[in-house]
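Okay, protein.cif now, which holds mmCIF, C-alpha atoms:
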```cif
data_entry
loop_
_atom_site.label_atom_id
_atom_site.label_comp_id
_atom_site.auth_asym_id
_atom_site.auth_seq_id
_atom_site.Cartn_x
_atom_site.Cartn_y
_atom_site.Cartn_z
CA MET A 1 -9.83 9.49 6.35
CA SER A 2 -9.66 12.71 4.29
CA ARG A 3 -6.98 11.86 1.73
CA PRO A 4 -8.28 12.56 -1.78
CA ASP A 5 -6.84 9.29 -3.07
CA TYR A 6 -8.41 7.19 -0.30
CA ILE A 7 -11.24 4.89 -1.44
CA PRO A 8 -13.11 3.45 1.59
CA SER A 9 -14.76 0.63 -0.39
CA LEU A 10 -11.36 -0.78 -1.35
CA ASP A 11 -10.42 -1.01 2.32
CA GLY A 12 -13.61 -3.00 2.85
CA LEU A 13 -12.83 -5.23 -0.13
CA ARG A 14 -9.41 -5.92 1.35
CA GLY A 15 -11.04 -6.77 4.66
CA VAL A 16 -13.41 -9.26 3.02
CA ALA A 17 -10.49 -10.92 1.21
CA ALA A 18 -8.46 -11.16 4.41
CA LEU A 19 -11.37 -12.73 6.29
CA LEU A 20 -11.79 -15.34 3.54
CA VAL A 21 -8.10 -16.24 3.75
CA VAL A 22 -8.53 -16.73 7.50
CA GLY A 23 -11.56 -18.94 6.86
CA ALA A 24 -9.60 -21.00 4.34
CA HIS A 25 -7.04 -21.88 7.03
CA ILE A 26 -9.45 -22.92 9.76
CA GLY A 27 -9.05 -26.48 8.54
CA LEU A 28 -5.32 -26.35 9.26
CA ILE A 29 -5.98 -25.63 12.91
CA PHE A 30 -9.11 -27.78 13.27
CA PRO A 31 -8.69 -30.89 11.06
CA ILE A 32 -11.98 -32.43 12.21
CA THR A 33 -13.88 -29.43 10.88
CA ALA A 34 -11.89 -29.21 7.63
CA PRO A 35 -14.12 -31.53 5.52
CA HIS A 36 -17.12 -29.31 6.21
CA LEU A 37 -15.46 -26.08 5.11
CA VAL A 38 -15.74 -24.30 1.76
CA THR A 39 -12.46 -22.46 1.20
CA MET A 40 -11.91 -19.43 -1.02
CA GLY A 41 -8.31 -18.60 -0.19
CA ASP A 42 -6.99 -18.61 -3.78
CA GLU A 43 -9.72 -16.23 -4.91
CA ALA A 44 -8.96 -13.88 -2.02
CA VAL A 45 -5.21 -13.80 -2.77
CA GLY A 46 -5.88 -13.24 -6.48
CA LEU A 47 -8.06 -10.30 -5.52
CA PHE A 48 -5.25 -8.98 -3.31
CA PHE A 49 -2.88 -9.06 -6.29
CA ALA A 50 -5.33 -7.21 -8.56
CA LEU A 51 -6.00 -4.69 -5.80
CA SER A 52 -2.26 -4.07 -5.40
CA GLY A 53 -1.86 -3.40 -9.12
CA PHE A 54 -4.87 -1.06 -9.06
CA LEU A 55 -3.56 0.98 -6.14
CA MET A 56 -0.05 1.34 -7.55
CA ALA A 57 -1.41 2.68 -10.85
CA HIS A 58 -3.99 4.88 -9.12
CA LEU A 59 -1.57 6.38 -6.57
CA TYR A 60 1.55 6.72 -8.69
CA GLY A 61 0.59 6.39 -12.35
CA SER A 62 -0.07 10.09 -12.89
CA ARG A 63 3.10 11.27 -11.14
CA PRO A 64 6.24 12.04 -13.14
CA VAL A 65 8.70 9.15 -13.31
CA THR A 66 11.71 10.78 -11.69
CA ARG A 67 14.56 9.29 -9.73
CA GLU A 68 13.20 10.87 -6.56
CA ASN A 69 9.66 9.57 -7.05
CA VAL A 70 10.80 6.05 -7.88
CA LEU A 71 13.00 5.89 -4.77
CA ASP A 72 10.17 7.27 -2.64
CA PHE A 73 7.85 4.61 -4.06
CA LEU A 74 10.24 1.73 -3.42
CA VAL A 75 11.00 2.83 0.14
CA SER A 76 7.31 3.37 0.88
CA ARG A 77 6.32 -0.09 -0.33
CA PHE A 78 9.24 -1.78 1.44
CA ALA A 79 8.36 0.02 4.67
CA ARG A 80 4.74 -1.01 4.25
CA ILE A 81 5.56 -4.72 4.06
CA TYR A 82 8.91 -5.71 5.49
CA PRO A 83 8.92 -4.80 9.22
CA VAL A 84 5.74 -6.71 10.09
CA TYR A 85 6.64 -9.47 7.61
CA LEU A 86 10.04 -9.97 9.30
CA ALA A 87 8.37 -10.09 12.71
CA ALA A 88 6.03 -12.84 11.45
CA VAL A 89 8.92 -14.82 9.97
CA VAL A 90 10.92 -14.64 13.21
CA LEU A 91 7.96 -15.75 15.34
CA VAL A 92 7.09 -18.63 13.02
CA ALA A 93 10.73 -19.75 13.00
CA MET A 94 10.76 -19.70 16.82
CA LEU A 95 7.59 -21.79 17.02
CA SER A 96 8.94 -24.17 14.38
CA SER A 97 12.08 -24.80 16.41
CA MET A 98 10.17 -25.85 19.55
CA GLN A 99 10.16 -29.60 20.00
CA ASN A 100 6.83 -31.43 20.20
CA LEU A 101 4.90 -28.29 19.21
CA ASP A 102 4.35 -29.36 15.56
CA PHE A 103 3.52 -25.96 14.18
CA VAL A 104 1.31 -26.41 11.11
CA GLN A 105 3.23 -24.14 8.68
CA PRO A 106 6.84 -24.38 9.86
CA ILE A 107 10.03 -22.70 8.73
CA VAL A 108 12.51 -25.54 9.01
CA GLY A 109 16.24 -24.95 9.43
CA GLY A 110 18.58 -22.04 8.98
CA THR A 111 18.53 -22.11 5.19
CA ASP A 112 14.75 -21.88 5.04
CA PHE A 113 14.83 -19.04 7.56
CA VAL A 114 17.37 -17.07 5.51
CA ARG A 115 15.28 -17.60 2.37
CA HIS A 116 12.28 -16.10 4.14
CA VAL A 117 14.30 -13.19 5.53
CA PHE A 118 15.40 -12.36 1.97
CA LEU A 119 11.82 -12.68 0.66
CA LEU A 120 12.32 -15.98 -1.11
CA GLY A 121 10.41 -18.28 1.26
CA SER A 122 7.16 -20.12 0.65
CA SER A 123 6.03 -21.43 4.01
CA GLY A 124 2.32 -20.93 4.65
CA VAL A 125 0.99 -17.49 3.77
CA PHE A 126 4.49 -16.18 3.13
CA TRP A 127 4.48 -17.52 -0.44
CA SER A 128 2.46 -14.50 -1.67
CA ILE A 129 4.90 -11.85 -0.42
CA PRO A 130 7.79 -12.49 -2.91
CA PRO A 131 5.53 -11.93 -5.97
CA GLU A 132 4.30 -8.71 -4.38
CA ILE A 133 7.85 -7.44 -3.89
CA GLN A 134 8.81 -8.54 -7.41
CA PHE A 135 5.89 -6.57 -8.80
CA TYR A 136 7.06 -3.47 -6.92
CA LEU A 137 10.48 -3.84 -8.55
CA LEU A 138 8.83 -4.17 -11.96
CA PHE A 139 6.38 -1.33 -11.40
CA PRO A 140 8.73 1.54 -12.43
CA VAL A 141 8.75 0.00 -15.93
CA LEU A 142 4.96 -0.14 -15.92
CA TRP A 143 4.94 3.37 -14.47
CA LEU A 144 6.82 4.63 -17.52
CA CYS A 145 4.27 2.95 -19.77
CA LEU A 146 1.39 4.56 -17.89
CA ALA A 147 2.96 8.02 -17.83
CA GLN A 148 4.13 8.10 -21.48
CA PRO A 149 2.40 5.33 -23.45
CA HIS A 150 3.26 6.93 -26.80
CA ARG A 151 6.99 6.75 -26.06
CA HIS A 152 7.09 3.22 -24.63
CA GLY A 153 4.96 1.25 -27.05
CA GLY A 154 7.57 -1.51 -27.25
CA MET A 155 7.44 -2.18 -23.53
CA ILE A 156 3.64 -2.18 -23.58
CA VAL A 157 3.64 -4.75 -26.36
CA GLY A 158 6.19 -6.83 -24.45
CA LEU A 159 4.04 -6.86 -21.32
CA ALA A 160 1.00 -7.82 -23.39
CA VAL A 161 2.94 -10.72 -24.95
CA VAL A 162 3.99 -11.91 -21.47
CA VAL A 163 0.36 -11.92 -20.36
CA VAL A 164 -0.77 -13.87 -23.43
CA VAL A 165 2.03 -16.43 -23.08
CA ASP A 166 1.23 -16.75 -19.39
CA GLY A 167 -2.36 -17.58 -20.27
CA LEU A 168 -1.37 -20.12 -22.92
CA VAL A 169 1.23 -21.89 -20.77
CA GLU A 170 -1.09 -21.99 -17.72
CA LEU A 171 1.61 -21.61 -15.11
CA LEU A 172 0.75 -22.76 -11.62
CA GLY A 173 -0.66 -20.03 -9.41
CA PRO A 174 0.75 -20.49 -5.90
CA GLY A 175 4.50 -19.99 -5.76
CA ILE A 176 7.08 -17.31 -5.08
CA LEU A 177 7.66 -16.25 -8.71
CA LEU A 178 5.79 -13.34 -10.25
CA ALA A 179 5.23 -14.92 -13.68
CA SER A 180 1.92 -16.67 -13.02
CA LYS A 181 0.58 -13.79 -10.92
CA LEU A 182 1.60 -11.02 -13.32
CA PRO A 183 -1.78 -10.85 -15.14
CA TYR A 184 -3.54 -10.04 -11.86
CA PHE A 185 -1.21 -7.13 -11.20
CA LEU A 186 -1.27 -5.86 -14.78
CA PHE A 187 -5.03 -6.04 -15.25
CA GLY A 188 -5.44 -4.44 -11.84
CA ALA A 189 -3.07 -1.63 -12.89
CA LEU A 190 -5.07 -1.15 -16.09
CA ALA A 191 -8.23 -0.81 -14.00
CA GLY A 192 -6.42 1.73 -11.79
CA MET A 193 -5.40 3.81 -14.80
CA MET A 194 -8.96 3.75 -16.17
CA HIS A 195 -10.31 4.78 -12.76
CA SER A 196 -7.97 7.78 -12.62
CA HIS A 197 -8.95 9.04 -16.08
CA TRP A 198 -12.69 8.26 -16.19
CA ASN A 199 -13.97 10.55 -13.47
CA SER A 200 -17.21 11.48 -15.21
CA TRP A 201 -19.00 8.16 -14.70
CA ILE A 202 -21.28 8.13 -11.64
CA PRO A 203 -22.50 4.58 -11.00
CA SER A 204 -26.10 3.82 -10.10
CA ALA A 205 -27.59 1.57 -7.44
CA LEU A 206 -28.02 -1.08 -10.12
CA THR A 207 -24.26 -1.01 -10.65
CA GLY A 208 -23.80 -1.53 -6.93
CA ILE A 209 -26.05 -4.59 -6.95
CA LEU A 210 -24.17 -5.94 -9.99
CA THR A 211 -20.85 -5.38 -8.21
CA LEU A 212 -21.91 -7.38 -5.16
CA PHE A 213 -23.28 -10.12 -7.42
CA LEU A 214 -20.02 -10.35 -9.38
CA LEU A 215 -18.06 -10.45 -6.13
CA ALA A 216 -20.20 -13.34 -4.85
CA VAL A 217 -19.84 -15.22 -8.14
CA PHE A 218 -16.08 -14.65 -8.15
CA PHE A 219 -15.71 -16.31 -4.76
CA THR A 220 -18.19 -19.14 -5.24
CA TYR A 221 -18.29 -20.17 -8.90
CA ARG A 222 -15.73 -22.97 -8.51
CA HIS A 223 -17.84 -24.51 -5.78
CA ILE A 224 -21.18 -24.04 -7.53
CA LEU A 225 -19.88 -25.12 -10.97
CA PRO A 226 -16.83 -27.28 -10.28
CA GLY A 227 -16.68 -28.53 -13.86
CA PHE A 228 -16.68 -25.03 -15.33
CA SER A 229 -13.18 -24.07 -14.18
CA PRO A 230 -11.56 -26.35 -11.61
CA GLU A 231 -8.34 -24.31 -11.59
CA PHE A 232 -8.53 -20.78 -10.34
CA TRP A 233 -5.27 -19.22 -11.52
CA GLY A 234 -5.61 -17.99 -15.09
CA LEU A 235 -6.38 -15.06 -17.35
CA GLN A 236 -10.14 -15.27 -16.86
CA SER A 237 -9.93 -14.92 -13.09
CA ALA A 238 -7.33 -12.13 -13.44
CA VAL A 239 -9.69 -10.15 -15.68
CA ALA A 240 -12.62 -10.82 -13.33
CA ALA A 241 -10.61 -9.68 -10.29
CA ALA A 242 -9.59 -6.45 -12.03
CA VAL A 243 -13.18 -5.72 -13.13
CA ILE A 244 -14.45 -6.22 -9.58
CA VAL A 245 -11.74 -3.99 -8.10
CA GLY A 246 -12.48 -1.31 -10.69
CA LEU A 247 -16.22 -1.40 -9.98
CA VAL A 248 -15.74 -1.34 -6.21
CA ALA A 249 -13.40 1.65 -6.56
CA ARG A 250 -16.21 3.69 -8.11
CA GLN A 251 -18.09 3.22 -4.82
CA PRO A 252 -21.48 2.50 -6.34
CA PRO A 253 -24.51 2.80 -4.02
CA ILE A 254 -25.46 -0.32 -2.04
CA ALA A 255 -22.05 -1.92 -2.68
CA ALA A 256 -20.36 1.04 -1.00
CA ASP A 257 -22.81 0.84 1.89
CA VAL A 258 -21.68 -2.74 2.48
CA LEU A 259 -17.95 -2.50 1.78
CA ALA A 260 -17.36 0.94 3.30
CA ALA A 261 -19.12 0.04 6.56
CA ALA A 262 -16.91 0.67 9.58
CA PRO A 263 -16.47 -2.98 10.69
CA VAL A 264 -15.47 -4.08 7.18
CA ARG A 265 -13.07 -1.17 6.78
CA PHE A 266 -11.54 -2.05 10.15
CA LEU A 267 -10.75 -5.51 8.83
CA GLY A 268 -9.22 -3.88 5.78
CA LYS A 269 -7.10 -1.63 7.96
CA ILE A 270 -5.55 -4.58 9.82
CA SER A 271 -5.71 -6.96 6.86
CA PHE A 272 -1.97 -7.36 6.31
CA SER A 273 -1.23 -8.16 9.93
CA LEU A 274 -4.26 -10.45 10.00
CA TYR A 275 -3.04 -12.20 6.84
CA LEU A 276 0.48 -12.77 8.20
CA PHE A 277 -0.35 -13.74 11.79
CA HIS A 278 -3.75 -15.43 11.79
CA VAL A 279 -2.44 -19.01 11.51
CA LEU A 280 0.10 -18.43 14.27
CA ILE A 281 -2.45 -16.78 16.59
CA MET A 282 -5.17 -19.36 15.97
CA PHE A 283 -2.70 -22.20 16.50
CA LEU A 284 -1.63 -20.85 19.89
CA ALA A 285 -5.24 -20.08 20.87
CA ARG A 286 -6.32 -23.65 20.12
CA LEU A 287 -3.46 -25.01 22.23
CA THR A 288 -4.50 -22.76 25.10
CA PHE A 289 -8.25 -23.30 25.11
CA ASP A 290 -8.62 -26.70 23.45
CA ALA A 291 -9.98 -28.54 26.47
CA LEU A 292 -12.24 -25.76 27.74
CA MET A 293 -15.05 -25.68 25.17
CA PRO A 294 -16.55 -27.56 22.21
CA GLU A 295 -14.91 -27.08 18.83
CA PRO A 296 -17.50 -24.73 17.25
CA ALA A 297 -17.17 -22.32 20.17
CA LEU A 298 -13.40 -22.72 20.10
CA ILE A 299 -13.29 -21.82 16.40
CA ALA A 300 -15.33 -18.68 17.04
CA MET A 301 -13.05 -17.73 19.92
CA THR A 302 -9.85 -18.29 17.92
CA LEU A 303 -11.22 -16.12 15.10
CA CYS A 304 -11.94 -13.31 17.54
CA ILE A 305 -8.51 -13.67 19.12
CA ALA A 306 -6.91 -13.59 15.66
CA VAL A 307 -8.65 -10.29 14.84
CA VAL A 308 -7.74 -8.70 18.17
CA GLY A 309 -4.17 -9.97 17.89
CA ALA A 310 -3.86 -8.64 14.35
CA TRP A 311 -5.09 -5.23 15.51
CA PHE A 312 -2.51 -5.22 18.30
CA ILE A 313 0.30 -6.17 15.89
CA HIS A 314 -0.88 -3.56 13.39
CA GLU A 315 -0.68 -0.85 16.05
CA THR A 316 2.56 -1.96 17.73
CA ILE A 317 4.67 -3.36 14.87
CA GLU A 318 3.23 -2.64 11.44
CA VAL A 319 2.47 1.09 11.75
CA PRO A 320 5.47 2.07 13.95
CA GLY A 321 7.83 0.00 11.77
CA ARG A 322 6.56 1.67 8.64
CA ARG A 323 6.87 5.14 10.16
CA LEU A 324 10.38 4.47 11.42
CA LEU A 325 11.69 3.37 8.02
CA VAL A 326 10.00 6.29 6.26
CA LEU A 327 11.47 8.76 8.78
CA ILE A 328 14.94 7.27 8.34
CA TRP A 329 14.54 7.61 4.58
CA GLN A 330 13.37 11.22 4.85
CA ASP A 331 16.32 12.10 7.06
CA ASN A 332 18.79 10.61 4.58
CA ARG A 333 16.90 11.08 1.33
CA TRP A 334 19.07 13.96 0.12
CA ARG A 335 22.18 11.76 0.19
CA LEU A 336 20.78 9.47 -2.53
CA VAL A 337 18.44 11.84 -4.35
CA SER A 338 20.64 14.92 -4.65
CA ARG A 339 22.95 14.92 -7.65
CA GLU A 340 24.95 17.90 -6.46
CA THR A 341 28.54 17.44 -5.31
CA PRO A 342 29.63 18.98 -1.98
CA ALA A 343 31.29 21.80 -3.94
CA ASP A 344 28.04 22.47 -5.82
CA GLN A 345 26.13 22.58 -2.56
CA MET A 346 28.67 25.06 -1.08
CA ASP A 347 28.47 27.30 -4.13
CA ARG A 348 24.68 27.29 -3.99
CA ALA A 349 24.74 28.15 -0.29
CA ILE A 350 27.18 31.07 -0.86
CA LEU A 351 25.05 32.45 -3.69
CA GLY A 352 21.99 32.23 -1.45
CA LEU A 353 23.73 34.18 1.32
CA GLN A 354 24.93 36.80 -1.13
CA GLU A 355 21.38 37.21 -2.45
CA ILE A 356 20.00 37.68 1.06
CA GLU A 357 22.75 40.20 1.89
CA GLN A 358 22.02 42.19 -1.28
CA ARG A 359 18.30 42.30 -0.42
CA LEU A 360 19.11 43.62 3.05
CA VAL A 361 21.40 46.33 1.65
CA ASN A 362 18.82 47.37 -0.93
CA GLY A 363 16.12 47.43 1.71
CA ALA A 364 18.19 49.62 4.04
CA THR A 365 19.09 52.05 1.24
CA SER A 366 15.45 52.33 0.20
CA ALA A 367 14.34 53.01 3.76
CA MET A 368 16.95 55.80 4.21
CA ALA A 369 15.83 57.41 0.96
CA ASP A 370 12.21 57.36 2.08
CA GLN A 371 13.15 58.95 5.40
CA ARG A 372 15.05 61.79 3.70
CA GLN A 373 12.14 62.41 1.38
CA ILE A 374 9.69 62.67 4.26
CA SER A 375 11.91 65.07 6.21
CA ALA A 376 12.39 67.32 3.18
CA THR A 377 8.70 67.59 2.26
CA ALA A 378 7.04 67.75 5.70
CA GLU A 379 5.71 71.30 6.59
CA PRO A 380 4.00 72.57 9.79
CA SER A 381 0.22 72.74 9.56
CA ASP A 382 -1.77 75.82 10.71
CA GLY A 383 1.02 77.24 12.91
CA GLY A 384 1.62 73.89 14.69
CA ASP A 385 4.89 72.60 16.03
CA GLY A 386 5.78 70.80 12.84
CA THR A 387 5.29 67.27 14.20
CA VAL A 388 1.80 66.40 12.99
CA ILE A 389 2.64 65.20 9.48
CA GLN A 390 5.82 63.47 10.56
CA ASP A 391 4.10 61.65 13.43
CA ASP A 392 1.24 60.63 11.16
CA ARG A 393 3.71 59.28 8.61
CA ASN A 394 5.59 57.33 11.27
CA GLY A 395 2.33 55.90 12.48
CA LYS A 396 1.55 54.71 9.00
CA LEU A 397 5.01 53.20 8.67
CA ARG A 398 4.59 51.32 11.94
CA ALA A 399 1.20 50.03 10.83
#
```
I need this file expressed as structure tokens, please.
Amino acid sequence: MSRPDYIPSLDGLRGVAALLVVGAHIGLIFPITAPHLVTMGDEAVGLFFALSGFLMAHLYGSRPVTRENVLDFLVSRFARIYPVYLAAVVLVAMLSSMQNLDFVQPIVGGTDFVRHVFLLGSSGVFWSIPPEIQFYLLFPVLWLCLAQPHRHGGMIVGLAVVVVVDGLVELLGPGILLASKLPYFLFGALAGMMHSHWNSWIPSALTGILTLFLLAVFFTYRHILPGFSPEFWGLQSAVAAAVIVGLVARQPPIAADVLAAAPVRFLGKISFSLYLFHVLIMFLARLTFDALMPEPALIAMTLCIAVVGAWFIHETIEVPGRRLLVLIWQDNRWRLVSRETPADQMDRAILGLQEIEQRLVNGATSAMADQRQISATAEPSDGGDGTVIQDDRNGKLRA
């Protein structure tokens, strides 16, 4: 990709996080294998939240906070998430309604389905989508703070107090409310703002090695040192996630070679579809091939099918759905963005036509004056027929 705001290493980081979420749910599909698995799903989702905060600040923080830009932002984020999310909710609800299927993460009943449609459901992986949407709704406030910190000191202090209280209260991490996830978004946004303003720092290969080391520690420390911090969700992990995202975004050597590699970036490209559909796809794959191969081979096959299926959904639902909503918004944007009344629009159109007409009149008058001047001053040369100068002038005019 050639976009100036595109950071390939962050795509790879997203791909790694998505793959770890998939690995964390293998035990749901294969209960016999579950005791032998080391899961890192919470760490991966926390990293997703910090990455989201980083990207919002990096992509939008330096833009002016206008009505038009805020509406464009909200529509863009909604289009990015909702079409493929709704498709996943509908498919899970259909599987959940089938008798004797026993889908592992069901949506049960009409009320639960409606809650998920309106982004208030918590079945399976869907629990992380409501906090994401809630952060998008809060982001314009944070956007103001980033754009004009000297004018919105009160709001900045309020957000800082919320983060401190969140850390002291130790709210539970998983859940559909933003409160306990807010530090991940805010620290990630702070890292995004720092990345946008500190362009002079060029990291070394040593920084790249340190980045990969911190990433490995972030995902494994609870399993290596279980007594150090048995609970993941908290201020310390939010800070760590933001630091890692900020370091990866600088694309240090060695770390960039790993995270910006094509296969890892591919996983990042399809990561949202993979995140939403992997349990559903792996569940159906196990039902289909359960009796045909031993479980280790079956797990490998279901993982491959999940990746291929996520790619297919990304190309057929996620990307077209996003484009369709954005095109609809662009076609109707002026209705909500424009503050002019129909009368104002008519007046502006009339003034524009009058201006064009005046330019045409002035242009015609000027051309006639030039023609008269040429005719009056042109003289025959050396006894010629009197056409040499005039023809030469016309040739110049045509050129």
Taking the file as shown, find all residues satisfying the PyMOL selection byres ((chain A and resi 243) around 12) and write them as a PyMOL selection string.
chain A and resi 47+50-51+54+184+187-192+194-195+210-212+214-215+218+236-242+244-250
Can you give me, as a ChimeraX atom specification, the residues this file yields under the PyMOL selection byres ((chain A and resi 108-114) around 9)?
/A:89-90,93,96-97,106-107,115-123
Could you write those residues out with C-alpha atoms, as an mmCIF file, keeping the file's coordinate frame?
```
data_model
loop_
_atom_site.group_PDB
_atom_site.id
_atom_site.type_symbol
_atom_site.label_atom_id
_atom_site.label_comp_id
_atom_site.auth_asym_id
_atom_site.auth_seq_id
_atom_site.Cartn_x
_atom_site.Cartn_y
_atom_site.Cartn_z
ATOM 1 C CA VAL A 89 8.920 -14.820 9.970
ATOM 2 C CA VAL A 90 10.920 -14.640 13.210
ATOM 3 C CA ALA A 93 10.730 -19.750 13.000
ATOM 4 C CA SER A 96 8.940 -24.170 14.380
ATOM 5 C CA SER A 97 12.080 -24.800 16.410
ATOM 6 C CA PRO A 106 6.840 -24.380 9.860
ATOM 7 C CA ILE A 107 10.030 -22.700 8.730
ATOM 8 C CA ARG A 115 15.280 -17.600 2.370
ATOM 9 C CA HIS A 116 12.280 -16.100 4.140
ATOM 10 C CA VAL A 117 14.300 -13.190 5.530
ATOM 11 C CA PHE A 118 15.400 -12.360 1.970
ATOM 12 C CA LEU A 119 11.820 -12.680 0.660
ATOM 13 C CA LEU A 120 12.320 -15.980 -1.110
ATOM 14 C CA GLY A 121 10.410 -18.280 1.260
ATOM 15 C CA SER A 122 7.160 -20.120 0.650
ATOM 16 C CA SER A 123 6.030 -21.430 4.010
#
```
Contacts of Gly23 of chain A at 9 Å (all atoms listed in the file; same-chain gap of 4+ positions) as an MDAnalysis selection string
chainID A and resid 18:19 27 37:41 303
Requested write-out: C-alpha atoms of the selected residues, as an mmCIF file, in the frame of the given file:
```cif
data_model
loop_
_atom_site.group_PDB
_atom_site.id
_atom_site.type_symbol
_atom_site.label_atom_id
_atom_site.label_comp_id
_atom_site.auth_asym_id
_atom_site.auth_seq_id
_atom_site.Cartn_x
_atom_site.Cartn_y
_atom_site.Cartn_z
ATOM 1 C CA ALA A 18 -8.460 -11.160 4.410
ATOM 2 C CA LEU A 19 -11.370 -12.730 6.290
ATOM 3 C CA GLY A 27 -9.050 -26.480 8.540
ATOM 4 C CA LEU A 37 -15.460 -26.080 5.110
ATOM 5 C CA VAL A 38 -15.740 -24.300 1.760
ATOM 6 C CA THR A 39 -12.460 -22.460 1.200
ATOM 7 C CA MET A 40 -11.910 -19.430 -1.020
ATOM 8 C CA GLY A 41 -8.310 -18.600 -0.190
ATOM 9 C CA LEU A 303 -11.220 -16.120 15.100
#
```
Would you translate the PyMOL selection byres ((chain A and resi 146) around 12) into the concrete set of residues it matches in this file, as a ChimeraX atom specification?
/A:56-65,139-145,147-153,155-156,186,189-194,196-197
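The gap separating atom CA of Gly124 of chain A from atom CA of Asn100 of chain A is 19.3 Å, in Å to one decimal.
If all atoms listed in the file are the atoms counted, then among A:Pro252, A:Gly268, A:Pro296, A:Gly46 the closest residue to Glu132 of chain A is A:Gly46.
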Contacts of Gln251 of chain A at 8 Å (all atoms listed in the file; same-chain gap of 3+ positions) as a PyMOL selection string
chain A and resi 7+9+203+208+247-248+255-256
Could you pull the residues within 8 Å of Val104 of chain A, counting only C-alpha atoms, minus those fewer than 5 positions along the same chain, as a PyMOL selection string?
chain A and resi 28-29+283
Go through A:Glu315, A:Glu43, A:Trp201, A:Ala34 one by one, measure the shortest atom-to-atom distance of each to Tyr221 of chain A using all atoms listed in the file, and give the residue with the smallest value.
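The answer is A:Glu43, which sits nearest to Tyr221 of chain A.
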Atom CA of Met282 of chain A to atom CA of Pro83 of chain A, distance in Å rounded to a single decimal
21.4 Å
